[in-house]
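Next comes target-v4.txt, a file with compact mmCIF, C-alpha atoms.
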# COMPACT_ATOMS: atom_id res chain seq x y z
CA MET A 14 -40.01 52.30 -48.43
CA ASN A 15 -38.66 53.92 -45.37
CA ILE A 16 -36.09 51.70 -43.72
CA ARG A 17 -33.97 53.59 -41.30
CA ARG A 18 -30.80 52.14 -40.04
CA SER A 19 -29.02 54.99 -38.40
CA MET A 20 -26.17 55.32 -35.97
CA SER A 21 -27.10 57.67 -33.21
CA ALA A 22 -24.93 59.69 -30.90
CA SER A 23 -25.32 57.01 -28.25
CA GLY A 24 -23.23 54.71 -30.40
CA LEU A 25 -20.24 56.93 -29.89
CA VAL A 26 -20.11 56.87 -26.14
CA SER A 27 -17.41 54.25 -25.83
CA GLY A 28 -15.08 52.28 -28.00
CA THR A 29 -16.86 49.07 -27.15
CA VAL A 30 -20.25 50.36 -28.13
CA LEU A 31 -18.78 51.95 -31.22
CA ALA A 32 -17.20 48.65 -32.26
CA ALA A 33 -20.47 46.84 -31.73
CA THR A 34 -22.24 49.43 -33.81
CA TRP A 35 -19.80 49.07 -36.65
CA ILE A 36 -19.95 45.30 -36.54
CA ALA A 37 -23.72 45.45 -36.64
CA ALA A 38 -23.69 47.98 -39.47
CA THR A 39 -21.26 45.86 -41.46
CA ARG A 40 -23.43 42.82 -40.95
CA LEU A 41 -26.46 44.72 -42.13
CA LEU A 42 -24.75 45.78 -45.29
CA SER A 43 -23.29 42.38 -46.00
CA ILE A 44 -26.49 40.45 -45.42
CA ALA A 45 -29.01 42.73 -47.00
CA PRO A 46 -29.41 41.93 -50.71
CA ALA A 47 -28.97 44.71 -53.21
CA GLY A 48 -31.90 47.04 -53.31
CA SER A 49 -33.34 46.14 -49.96
CA ILE A 50 -31.89 49.07 -48.07
CA LYS A 51 -33.48 52.22 -49.28
CA ALA A 52 -34.37 55.60 -47.98
CA THR A 53 -36.14 57.16 -50.89
CA GLY A 54 -38.00 59.65 -48.82
CA THR A 55 -40.90 59.53 -51.23
CA THR A 56 -42.82 57.18 -48.97
CA ALA A 57 -41.39 58.34 -45.70
CA THR A 58 -43.88 57.76 -42.95
CA GLY A 59 -41.38 56.71 -40.32
CA THR A 60 -40.80 57.93 -36.85
CA THR A 61 -37.49 59.43 -35.94
CA ASP A 62 -34.78 57.18 -34.53
CA THR A 63 -34.00 58.58 -31.14
CA GLY A 64 -31.58 55.87 -30.05
CA THR A 65 -30.43 57.92 -27.14
CA THR A 66 -32.53 56.51 -24.37
CA ASP A 67 -30.90 53.14 -23.82
CA GLN A 68 -27.66 51.22 -24.23
CA GLY A 69 -28.64 49.85 -27.66
CA THR A 70 -26.62 49.86 -30.83
CA GLY A 71 -28.40 52.90 -32.17
CA LEU A 72 -29.66 50.90 -35.13
CA SER A 73 -33.32 51.08 -35.93
CA VAL A 74 -35.69 49.75 -38.53
CA VAL A 75 -38.99 51.41 -39.30
CA LEU A 76 -41.29 49.76 -41.80
CA GLU A 77 -44.57 51.64 -42.06
CA GLY A 78 -47.52 51.90 -44.37
CA LEU A 79 -47.17 48.22 -45.26
CA HIS A 80 -49.83 46.50 -47.31
CA GLU A 81 -50.53 42.95 -46.11
CA PRO A 82 -52.86 40.81 -48.23
CA GLN A 83 -53.70 37.29 -47.11
CA ILE A 84 -52.73 34.53 -49.48
CA SER A 85 -54.33 31.78 -47.43
CA THR A 86 -56.18 31.62 -44.18
CA GLU A 87 -58.17 29.10 -42.19
CA GLN A 88 -59.98 29.62 -38.92
CA ASN A 89 -62.92 28.44 -36.88
CA ILE A 90 -63.67 31.64 -34.98
CA ASP A 91 -67.26 32.56 -34.21
CA ILE A 92 -66.67 36.14 -35.23
CA GLY A 93 -69.71 37.46 -33.41
CA ASP A 94 -68.84 35.70 -30.16
CA PRO A 95 -65.36 34.12 -30.22
CA GLN A 96 -64.95 31.10 -27.99
CA ILE A 97 -61.93 30.05 -25.98
CA GLY A 98 -59.84 27.55 -27.91
CA GLN A 99 -60.90 28.76 -31.34
CA ILE A 100 -57.96 29.39 -33.65
CA GLY A 101 -56.88 30.72 -36.98
CA ASN A 102 -53.83 30.57 -39.21
CA TYR A 103 -52.78 32.86 -42.03
CA TYR A 104 -50.14 33.14 -44.69
CA ASP A 105 -49.76 36.75 -45.83
CA GLU A 106 -47.59 38.77 -48.13
CA LEU A 107 -46.03 42.09 -47.11
CA TYR A 108 -45.65 44.97 -49.55
CA ASP A 109 -44.16 48.38 -48.97
CA PRO A 110 -46.12 51.56 -49.80
CA ASP A 111 -44.78 51.37 -53.36
CA ARG A 112 -46.22 47.84 -53.62
CA GLU A 113 -42.81 46.26 -53.71
CA ARG A 114 -42.92 42.80 -52.18
CA LEU A 115 -40.96 42.58 -48.94
CA GLY A 116 -41.73 39.05 -47.82
CA VAL A 117 -44.30 36.84 -46.15
CA VAL A 118 -45.89 36.30 -42.76
CA PHE A 119 -46.85 32.96 -41.24
CA GLY A 120 -49.24 33.63 -38.37
CA ARG A 121 -51.44 31.87 -35.87
CA PHE A 122 -53.93 33.11 -33.32
CA GLU A 123 -55.86 31.48 -30.54
CA VAL A 124 -58.62 32.83 -28.32
CA ARG A 125 -57.47 32.11 -24.78
CA TYR A 126 -59.38 34.26 -22.30
CA LYS A 127 -62.49 36.38 -22.16
CA LYS A 128 -62.36 39.19 -19.66
CA VAL A 129 -65.35 40.27 -17.63
CA GLY A 130 -65.30 43.65 -19.34
CA GLY A 131 -65.66 42.00 -22.73
CA ALA A 132 -62.07 41.86 -24.00
CA VAL A 133 -61.31 38.71 -25.98
CA LEU A 134 -57.68 37.98 -25.24
CA THR A 135 -56.20 36.36 -28.30
CA TYR A 136 -52.62 35.19 -28.61
CA TYR A 137 -50.86 35.84 -31.91
CA THR A 138 -47.66 34.10 -32.99
CA GLU A 139 -45.92 35.16 -36.19
CA ASP A 140 -42.78 34.55 -38.19
CA ILE A 141 -42.08 37.30 -40.69
CA TYR A 142 -39.67 36.40 -43.49
CA LEU A 143 -38.35 39.51 -45.18
CA ARG A 144 -35.76 39.64 -47.95
CA ASP A 145 -32.99 40.53 -45.57
CA GLY A 146 -33.87 38.72 -42.39
CA ILE A 147 -36.49 37.13 -40.15
CA ILE A 148 -38.59 38.66 -37.39
CA HIS A 149 -40.55 36.74 -34.78
CA ALA A 150 -43.50 38.38 -33.06
CA GLU A 151 -45.95 37.15 -30.50
CA GLY A 152 -48.29 38.46 -27.88
CA TRP A 153 -51.83 39.44 -26.99
CA ALA A 154 -54.47 41.37 -28.84
CA ASP A 155 -58.11 41.98 -28.03
CA PHE A 156 -60.08 40.41 -30.84
CA ASN A 157 -62.63 43.21 -30.45
CA ASP A 158 -59.93 45.66 -31.47
CA VAL A 159 -59.20 43.55 -34.52
CA LYS A 160 -62.87 43.56 -35.49
CA ASN A 161 -63.22 47.27 -34.85
CA GLY A 162 -60.27 48.25 -36.99
CA ARG A 163 -58.10 49.50 -34.17
CA TRP A 164 -54.33 49.06 -34.20
CA VAL A 165 -53.19 45.87 -32.49
CA GLY A 166 -49.65 44.71 -31.92
CA TYR A 167 -47.22 42.75 -29.85
CA PRO A 168 -43.49 42.51 -29.19
CA ALA A 169 -41.23 41.57 -32.09
CA VAL A 170 -37.61 40.48 -32.21
CA GLY A 171 -35.26 40.03 -35.12
CA ILE A 172 -33.93 36.48 -35.19
CA ASP A 173 -31.89 36.42 -38.39
CA GLY A 174 -30.20 38.59 -40.98
CA ALA A 175 -30.34 42.34 -40.78
CA TYR A 176 -32.83 42.28 -37.92
CA ARG A 177 -31.03 39.89 -35.61
CA GLY A 178 -30.89 41.22 -32.09
CA LEU A 179 -33.18 44.20 -32.71
CA ASP A 180 -36.48 44.31 -30.88
CA GLY A 181 -39.62 46.35 -30.94
CA ARG A 182 -43.19 45.97 -32.14
CA ARG A 183 -45.18 44.45 -34.95
CA GLU A 184 -48.54 46.18 -35.40
CA TRP A 185 -51.42 46.05 -37.82
CA ARG A 186 -55.02 47.08 -38.25
CA VAL A 187 -57.96 46.01 -40.31
CA ILE A 188 -58.95 48.72 -42.77
CA GLU A 189 -61.89 46.87 -44.22
CA PRO A 190 -63.07 43.30 -43.47
CA HIS A 191 -61.62 40.68 -45.81
CA GLN A 192 -59.21 43.22 -47.30
CA PRO A 193 -55.45 43.54 -46.79
CA VAL A 194 -54.53 44.98 -43.43
CA GLU A 195 -52.21 47.93 -42.88
CA ALA A 196 -49.06 46.95 -41.00
CA ARG A 197 -45.94 48.40 -39.48
CA ILE A 198 -42.81 46.99 -37.87
CA ILE A 199 -40.59 49.10 -35.68
CA LEU A 200 -37.38 47.66 -34.25
CA ALA A 201 -34.39 49.15 -32.49
CA GLY A 202 -30.97 47.87 -31.48
CA MET B 10 -59.63 6.97 -48.00
CA ASN B 11 -59.83 4.95 -44.89
CA ILE B 12 -61.61 6.81 -42.15
CA ARG B 13 -62.77 4.55 -39.41
CA ARG B 14 -65.23 5.75 -36.90
CA SER B 15 -66.37 2.67 -35.11
CA MET B 16 -68.14 1.97 -31.87
CA SER B 17 -66.36 -0.71 -29.97
CA ALA B 18 -67.59 -3.02 -27.25
CA SER B 19 -66.11 -0.72 -24.65
CA GLY B 20 -68.73 1.84 -25.52
CA LEU B 21 -71.43 -0.46 -24.25
CA VAL B 22 -70.15 -0.92 -20.74
CA SER B 23 -72.45 1.60 -19.14
CA GLY B 24 -75.34 3.80 -20.04
CA THR B 25 -73.28 6.88 -19.51
CA VAL B 26 -70.54 5.80 -21.86
CA LEU B 27 -73.11 4.62 -24.35
CA ALA B 28 -74.86 7.98 -24.27
CA ALA B 29 -71.57 9.78 -24.77
CA THR B 30 -70.79 7.52 -27.67
CA TRP B 31 -74.10 8.22 -29.32
CA ILE B 32 -73.79 11.92 -28.78
CA ALA B 33 -70.33 11.84 -30.31
CA ALA B 34 -71.52 9.75 -33.21
CA THR B 35 -74.43 12.09 -33.86
CA ARG B 36 -72.12 15.04 -33.79
CA LEU B 37 -69.80 13.38 -36.22
CA LEU B 38 -72.59 12.77 -38.66
CA SER B 39 -74.06 16.20 -38.32
CA ILE B 40 -70.79 18.05 -38.70
CA ALA B 41 -69.10 16.03 -41.38
CA PRO B 42 -70.02 17.36 -44.82
CA ALA B 43 -71.41 14.97 -47.37
CA GLY B 44 -68.81 12.73 -48.87
CA SER B 45 -66.24 13.15 -46.16
CA ILE B 46 -67.04 9.95 -44.31
CA LYS B 47 -66.09 7.03 -46.43
CA ALA B 48 -64.90 3.53 -45.95
CA THR B 49 -64.39 2.35 -49.47
CA GLY B 50 -61.92 -0.29 -48.54
CA THR B 51 -60.13 0.20 -51.82
CA THR B 52 -57.46 2.27 -50.17
CA ALA B 53 -57.60 0.65 -46.79
CA THR B 54 -54.24 0.81 -45.14
CA GLY B 55 -55.50 1.47 -41.65
CA THR B 56 -54.84 -0.28 -38.43
CA THR B 57 -57.66 -1.97 -36.58
CA ASP B 58 -59.61 0.01 -34.04
CA THR B 59 -59.16 -1.83 -30.78
CA GLY B 60 -60.91 0.67 -28.57
CA THR B 61 -60.99 -1.77 -25.70
CA THR B 62 -57.97 -0.72 -23.72
CA ASP B 63 -59.19 2.50 -22.16
CA GLN B 64 -62.32 4.37 -21.12
CA GLY B 65 -62.63 6.21 -24.44
CA THR B 66 -65.65 6.61 -26.64
CA GLY B 67 -64.56 3.82 -28.93
CA LEU B 68 -64.37 6.21 -31.84
CA SER B 69 -61.24 6.21 -33.91
CA VAL B 70 -59.91 7.93 -36.97
CA VAL B 71 -57.14 6.47 -39.10
CA LEU B 72 -55.83 8.50 -42.02
CA GLU B 73 -52.92 6.76 -43.68
CA GLY B 74 -50.98 6.90 -46.90
CA LEU B 75 -51.55 10.64 -47.10
CA HIS B 76 -49.76 12.70 -49.71
CA GLU B 77 -48.58 16.06 -48.37
CA PRO B 78 -47.12 18.53 -50.86
CA GLN B 79 -45.84 21.88 -49.65
CA ILE B 80 -47.51 24.92 -51.12
CA SER B 81 -45.23 27.40 -49.43
CA THR B 82 -42.33 27.16 -47.05
CA GLU B 83 -39.71 29.44 -45.59
CA GLN B 84 -36.85 28.52 -43.30
CA ASN B 85 -33.34 29.50 -42.30
CA ILE B 86 -32.05 26.08 -41.24
CA ASP B 87 -28.44 25.17 -41.93
CA ILE B 88 -29.45 21.74 -43.16
CA GLY B 89 -25.99 20.26 -42.71
CA ASP B 90 -25.61 21.53 -39.17
CA PRO B 91 -28.84 23.02 -37.78
CA GLN B 92 -28.35 25.70 -35.15
CA ILE B 93 -30.44 26.40 -32.08
CA GLY B 94 -33.00 29.09 -32.79
CA GLN B 95 -33.27 28.38 -36.50
CA ILE B 96 -36.85 28.00 -37.67
CA GLY B 97 -39.08 27.09 -40.54
CA ASN B 98 -42.72 27.47 -41.49
CA TYR B 99 -44.78 25.56 -44.03
CA TYR B 100 -48.19 25.59 -45.57
CA ASP B 101 -49.04 22.16 -46.98
CA GLU B 102 -51.94 20.39 -48.61
CA LEU B 103 -53.11 16.95 -47.56
CA TYR B 104 -54.41 14.42 -50.07
CA ASP B 105 -55.70 10.92 -49.48
CA PRO B 106 -54.23 7.95 -51.37
CA ASP B 107 -56.73 8.60 -54.18
CA ARG B 108 -55.38 12.17 -54.42
CA GLU B 109 -58.58 13.63 -53.08
CA ARG B 110 -57.85 16.85 -51.24
CA LEU B 111 -58.52 16.58 -47.52
CA GLY B 112 -57.30 19.94 -46.28
CA VAL B 113 -54.27 21.96 -45.35
CA VAL B 114 -51.56 22.08 -42.71
CA PHE B 115 -50.04 25.20 -41.20
CA GLY B 116 -46.79 24.20 -39.50
CA ARG B 117 -43.81 25.69 -37.72
CA PHE B 118 -40.61 24.17 -36.42
CA GLU B 119 -37.77 25.45 -34.31
CA VAL B 120 -34.43 23.88 -33.45
CA ARG B 121 -34.23 24.07 -29.66
CA TYR B 122 -31.61 21.68 -28.34
CA LYS B 123 -28.70 19.62 -29.63
CA LYS B 124 -28.02 16.49 -27.63
CA VAL B 125 -24.51 15.23 -26.95
CA GLY B 126 -25.28 12.13 -28.97
CA GLY B 127 -26.11 14.21 -32.02
CA ALA B 128 -29.90 14.44 -31.90
CA VAL B 129 -31.23 17.80 -33.03
CA LEU B 130 -34.35 18.35 -30.96
CA THR B 131 -36.77 20.32 -33.04
CA TYR B 132 -40.20 21.43 -31.88
CA TYR B 133 -43.03 21.19 -34.39
CA THR B 134 -46.36 23.00 -34.02
CA GLU B 135 -49.15 22.32 -36.50
CA ASP B 136 -52.78 23.12 -37.14
CA ILE B 137 -54.39 20.71 -39.57
CA TYR B 138 -57.62 21.93 -41.17
CA LEU B 139 -59.52 19.03 -42.68
CA ARG B 140 -62.91 19.21 -44.36
CA ASP B 141 -64.70 17.92 -41.28
CA GLY B 142 -62.69 19.34 -38.41
CA ILE B 143 -59.42 20.68 -37.06
CA ILE B 144 -56.51 18.83 -35.47
CA HIS B 145 -53.71 20.43 -33.49
CA ALA B 146 -50.38 18.64 -33.18
CA GLU B 147 -47.16 19.58 -31.51
CA GLY B 148 -44.06 17.99 -30.10
CA TRP B 149 -40.47 16.98 -30.67
CA ALA B 150 -38.70 15.38 -33.58
CA ASP B 151 -35.03 14.75 -34.21
CA PHE B 152 -34.14 16.75 -37.31
CA ASN B 153 -31.71 14.00 -38.24
CA ASP B 154 -34.66 11.63 -38.54
CA VAL B 155 -36.37 14.13 -40.83
CA LYS B 156 -33.28 14.34 -43.03
CA ASN B 157 -32.83 10.58 -43.06
CA GLY B 158 -36.37 9.82 -44.13
CA ARG B 159 -37.42 8.14 -40.91
CA TRP B 160 -40.94 8.49 -39.55
CA VAL B 161 -41.30 11.39 -37.13
CA GLY B 162 -44.37 12.38 -35.17
CA TYR B 163 -45.86 13.99 -32.13
CA PRO B 164 -49.09 14.03 -30.16
CA ALA B 165 -52.22 15.30 -31.90
CA VAL B 166 -55.61 16.29 -30.57
CA GLY B 167 -58.83 17.09 -32.36
CA ILE B 168 -60.01 20.59 -31.48
CA ASP B 169 -63.04 21.01 -33.69
CA GLY B 170 -65.59 19.18 -35.79
CA ALA B 171 -65.49 15.44 -36.18
CA TYR B 172 -62.15 15.18 -34.39
CA ARG B 173 -62.96 17.20 -31.30
CA GLY B 174 -61.84 15.39 -28.16
CA LEU B 175 -60.02 12.58 -29.95
CA ASP B 176 -56.30 12.29 -29.43
CA GLY B 177 -53.42 10.36 -30.90
CA ARG B 178 -50.52 10.99 -33.23
CA ARG B 179 -49.64 12.93 -36.35
CA GLU B 180 -46.72 11.36 -38.19
CA TRP B 181 -44.87 11.90 -41.45
CA ARG B 182 -41.69 11.03 -43.26
CA VAL B 183 -39.64 12.44 -46.07
CA ILE B 184 -39.67 10.12 -49.07
CA GLU B 185 -37.39 12.24 -51.21
CA PRO B 186 -35.96 15.68 -50.45
CA HIS B 187 -38.08 18.57 -51.72
CA GLN B 188 -40.91 16.20 -52.61
CA PRO B 189 -44.25 15.71 -50.84
CA VAL B 190 -43.95 13.80 -47.60
CA GLU B 191 -45.99 10.76 -46.66
CA ALA B 192 -48.23 11.38 -43.68
CA ARG B 193 -50.64 9.67 -41.33
CA ILE B 194 -52.95 10.77 -38.54
CA ILE B 195 -54.29 8.32 -36.01
CA LEU B 196 -56.72 9.46 -33.35
CA ALA B 197 -58.94 7.66 -30.85
CA GLY B 198 -61.72 8.74 -28.53
Is it possible to express this structure as structure tokens?
Amino acid sequence: MNIRRSMSASGLVSGTVLAATWIAATRLLSIAPAGSIKATGTTATGTTDTGTTDQGTGLSVVLEGLHEPQISTEQNIDIGDPQIGQIGNYYDELYDPDRERLGVVFGRFEVRYKKVGGAVLTYYTEDIYLRDGIIHAEGWADFNDVKNGRWVGYPAVGIDGAYRGLDGRREWRVIEPHQPVEARIILAG
Amino acid sequence: MNIRRSMSASGLVSGTVLAATWIAATRLLSIAPAGSIKATGTTATGTTDTGTTDQGTGLSVVLEGLHEPQISTEQNIDIGDPQIGQIGNYYDELYDPDRERLGVVFGRFEVRYKKVGGAVLTYYTEDIYLRDGIIHAEGWADFNDVKNGRWVGYPAVGIDGAYRGLDGRREWRVIEPHQPVEARIILAG
């Protein structure tokens, strides 16, 4: 599992930023349970933490190559021709590339608009409970992209634990219908 | 299980209303799977369908004495002193008083405001998938009421199947901590 939490050069610009970085780093270490922060390199598929383009803490989290099987799901979508107001809910598990269980996802989606060009604008709302914190994600995806196995995603923000105050994206794609999706979560401070 | 779907006198006021009532009734019968519409009377705990106080279809659904065990739940609430922004999610089953399985509930709650008087305003959002339709419910509850075993509830609306277009309330109360809650759903056309 490739979880990067690095301090970049931008964290050293001023004493204030540096202090914030250290506080954040301390919090990460104190909240994360043993074994949850790893950088084995064997499954490294992450992007590089740049951390130099904004005023953030320089912390980043990259979770890639995740395996996300559904434990339970209910929906009333007409898959062939989704209708406005149709919804679904799902309760998934998240595993890292080594098949170590990271946590669960509670999600909901609702078809809200159909564009003239054919896009089926669907609003996803998710709470992702990982071992060392909670991430909330919500936003739009085109249900056609979901069906066609393209990557979809929406903004995500850490709301507790090691991820609190980080923001970024939660993304996933269908590999094969009715099979676990591939997922990734990329957050930065 | 006490499911009442009655046509009241108000449905006979005009041809238009009557037609709507019959269409609704036909839809109910065609959508509801065999065995899901019952009025055994043995478990009757329902209120009477008045149906005469508005311009509705006269249809009503009363599900009472429901048993709602949690299958899965995650939350980060400080139970003793809930904080704004803390959340929970749950995936429950619903059983009728005879312990016949009716469906499942996907729910989410978020602490949003704390009133000066002590109320902890918590927003609940639920999708309830029953055998013969889907109900969406959302609204406010005081988390203190939840903790103290008082009835809480919020508006509910049928969004598919037999319940489509009916509205009313979804309510529940904690009988004993960490045990299945008691629930009821009351909708009218």
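We find CA of Arg173 in chain B and CA of Glu73 in chain B to be spaced 19.1 Å apart.
Using all atoms listed in the file, the shortest contact distance between chain B and any of A:Ile100, A:Leu134, A:Val129, A:Val194 is found at A:Ile100.
Relative to CA of Lys127 in chain A, CA of Asp158 in chain A is found at 13.4 Å.
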Give me the residues of chain B that have any atom at most 8 Å from an atom of chain A; for each, the nearest atom pair and the distance in Å, rounded to one decimal. Use all atoms listed in the file, sort by chain and number, and format it as a Markdown table.
| residue | atom | partner | partner_atom | distance |
| --- | --- | --- | --- | --- |
| B:Glu83 | CA | A:Tyr142 | CA | 7.3 |
| B:Gly94 | CA | A:Ile172 | CA | 7.8 |
| B:Asn98 | CA | A:Phe119 | CA | 6.9 |
| B:Tyr100 | CA | A:Tyr104 | CA | 7.8 |
| B:Phe115 | CA | A:Asn102 | CA | 6.9 |
| B:Asp136 | CA | A:Asn102 | CA | 7.8 |
| B:Tyr138 | CA | A:Glu87 | CA | 7.3 |
| B:Ile168 | CA | A:Gly98 | CA | 7.8 |
TODO: One decimal, Å: what's the distance from CA of Ala150 in chain A over to CA of Pro82 in chain A, could you say?
DONE: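 Distance between the two atoms: 18.0 Å.
Look at Lys160 in chain A: the protein and nucleic acid residues within 12 Å of it, using only C-alpha atoms and passing over chain neighbours fewer than 6 places away, are Ile90, Asp91, Ile92, Gly93, Asp94, Pro95, Ala132, Val133, Ala154, Trp185, Arg186, Val187, Ile188, Glu189, Pro190, His191 and Val194 of chain A.
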Keeping only C-alpha atoms, take the residues you just selected and write them out as a PDB file, keeping the file's coordinate frame.
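What landed in result-v6.pdb:
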ATOM      1  CA  ILE A  90     -63.670  31.640 -34.980  1.00  0.00           C
ATOM      2  CA  ASP A  91     -67.260  32.560 -34.210  1.00  0.00           C
ATOM      3  CA  ILE A  92     -66.670  36.140 -35.230  1.00  0.00           C
ATOM      4  CA  GLY A  93     -69.710  37.460 -33.410  1.00  0.00           C
ATOM      5  CA  ASP A  94     -68.840  35.700 -30.160  1.00  0.00           C
ATOM      6  CA  PRO A  95     -65.360  34.120 -30.220  1.00  0.00           C
ATOM      7  CA  ALA A 132     -62.070  41.860 -24.000  1.00  0.00           C
ATOM      8  CA  VAL A 133     -61.310  38.710 -25.980  1.00  0.00           C
ATOM      9  CA  ALA A 154     -54.470  41.370 -28.840  1.00  0.00           C
ATOM     10  CA  TRP A 185     -51.420  46.050 -37.820  1.00  0.00           C
ATOM     11  CA  ARG A 186     -55.020  47.080 -38.250  1.00  0.00           C
ATOM     12  CA  VAL A 187     -57.960  46.010 -40.310  1.00  0.00           C
ATOM     13  CA  ILE A 188     -58.950  48.720 -42.770  1.00  0.00           C
ATOM     14  CA  GLU A 189     -61.890  46.870 -44.220  1.00  0.00           C
ATOM     15  CA  PRO A 190     -63.070  43.300 -43.470  1.00  0.00           C
ATOM     16  CA  HIS A 191     -61.620  40.680 -45.810  1.00  0.00           C
ATOM     17  CA  VAL A 194     -54.530  44.980 -43.430  1.00  0.00           C
TER      18      VAL A 194
END
Could you list, as a compact mmCIF listing (two decimals) with C-alpha atoms, keeping the file's coordinate frame, every residue within 12 Å of Asp155 in chain A, counting only C-alpha atoms and ignoring same-chain residues fewer than 2 positions away?
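What ended up in result-v2.txt:
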# COMPACT_ATOMS: atom_id res chain seq x y z
CA PRO A 95 -65.36 34.12 -30.22
CA PHE A 122 -53.93 33.11 -33.32
CA GLU A 123 -55.86 31.48 -30.54
CA VAL A 124 -58.62 32.83 -28.32
CA ARG A 125 -57.47 32.11 -24.78
CA TYR A 126 -59.38 34.26 -22.30
CA LYS A 127 -62.49 36.38 -22.16
CA LYS A 128 -62.36 39.19 -19.66
CA GLY A 130 -65.30 43.65 -19.34
CA GLY A 131 -65.66 42.00 -22.73
CA ALA A 132 -62.07 41.86 -24.00
CA VAL A 133 -61.31 38.71 -25.98
CA LEU A 134 -57.68 37.98 -25.24
CA THR A 135 -56.20 36.36 -28.30
CA TYR A 136 -52.62 35.19 -28.61
CA TYR A 137 -50.86 35.84 -31.91
CA GLY A 152 -48.29 38.46 -27.88
CA TRP A 153 -51.83 39.44 -26.99
CA ASN A 157 -62.63 43.21 -30.45
CA ASP A 158 -59.93 45.66 -31.47
CA VAL A 159 -59.20 43.55 -34.52
CA LYS A 160 -62.87 43.56 -35.49
CA ASN A 161 -63.22 47.27 -34.85
CA GLY A 162 -60.27 48.25 -36.99
CA ARG A 163 -58.10 49.50 -34.17
CA TRP A 164 -54.33 49.06 -34.20
CA VAL A 165 -53.19 45.87 -32.49
CA GLY A 166 -49.65 44.71 -31.92
CA TYR A 167 -47.22 42.75 -29.85
CA ARG A 186 -55.02 47.08 -38.25
Open item on the list: Using all atoms listed in the file and a cutoff of 9 Å, can you tell me which residues are near (-52.4, 10.2, -48.2) in the file's coordinates, and write them out as a PyMOL selection string?
Closed with: chain B and resi 10+72-77+103-109+111+191-193
Residues as selected, C-alpha atoms, written as a JSON list (two decimals), in the coordinates of the input, can you do that?
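Generated file (result.json):
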[["chain", "number", "residue", "atom", "x", "y", "z"],
["B", 10, "MET", "CA", -59.63, 6.97, -48.00],
["B", 72, "LEU", "CA", -55.83, 8.50, -42.02],
["B", 73, "GLU", "CA", -52.92, 6.76, -43.68],
["B", 74, "GLY", "CA", -50.98, 6.90, -46.90],
["B", 75, "LEU", "CA", -51.55, 10.64, -47.10],
["B", 76, "HIS", "CA", -49.76, 12.70, -49.71],
["B", 77, "GLU", "CA", -48.58, 16.06, -48.37],
["B", 103, "LEU", "CA", -53.11, 16.95, -47.56],
["B", 104, "TYR", "CA", -54.41, 14.42, -50.07],
["B", 105, "ASP", "CA", -55.70, 10.92, -49.48],
["B", 106, "PRO", "CA", -54.23, 7.95, -51.37],
["B", 107, "ASP", "CA", -56.73, 8.60, -54.18],
["B", 108, "ARG", "CA", -55.38, 12.17, -54.42],
["B", 109, "GLU", "CA", -58.58, 13.63, -53.08],
["B", 111, "LEU", "CA", -58.52, 16.58, -47.52],
["B", 191, "GLU", "CA", -45.99, 10.76, -46.66],
["B", 192, "ALA", "CA", -48.23, 11.38, -43.68],
["B", 193, "ARG", "CA", -50.64, 9.67, -41.33]]
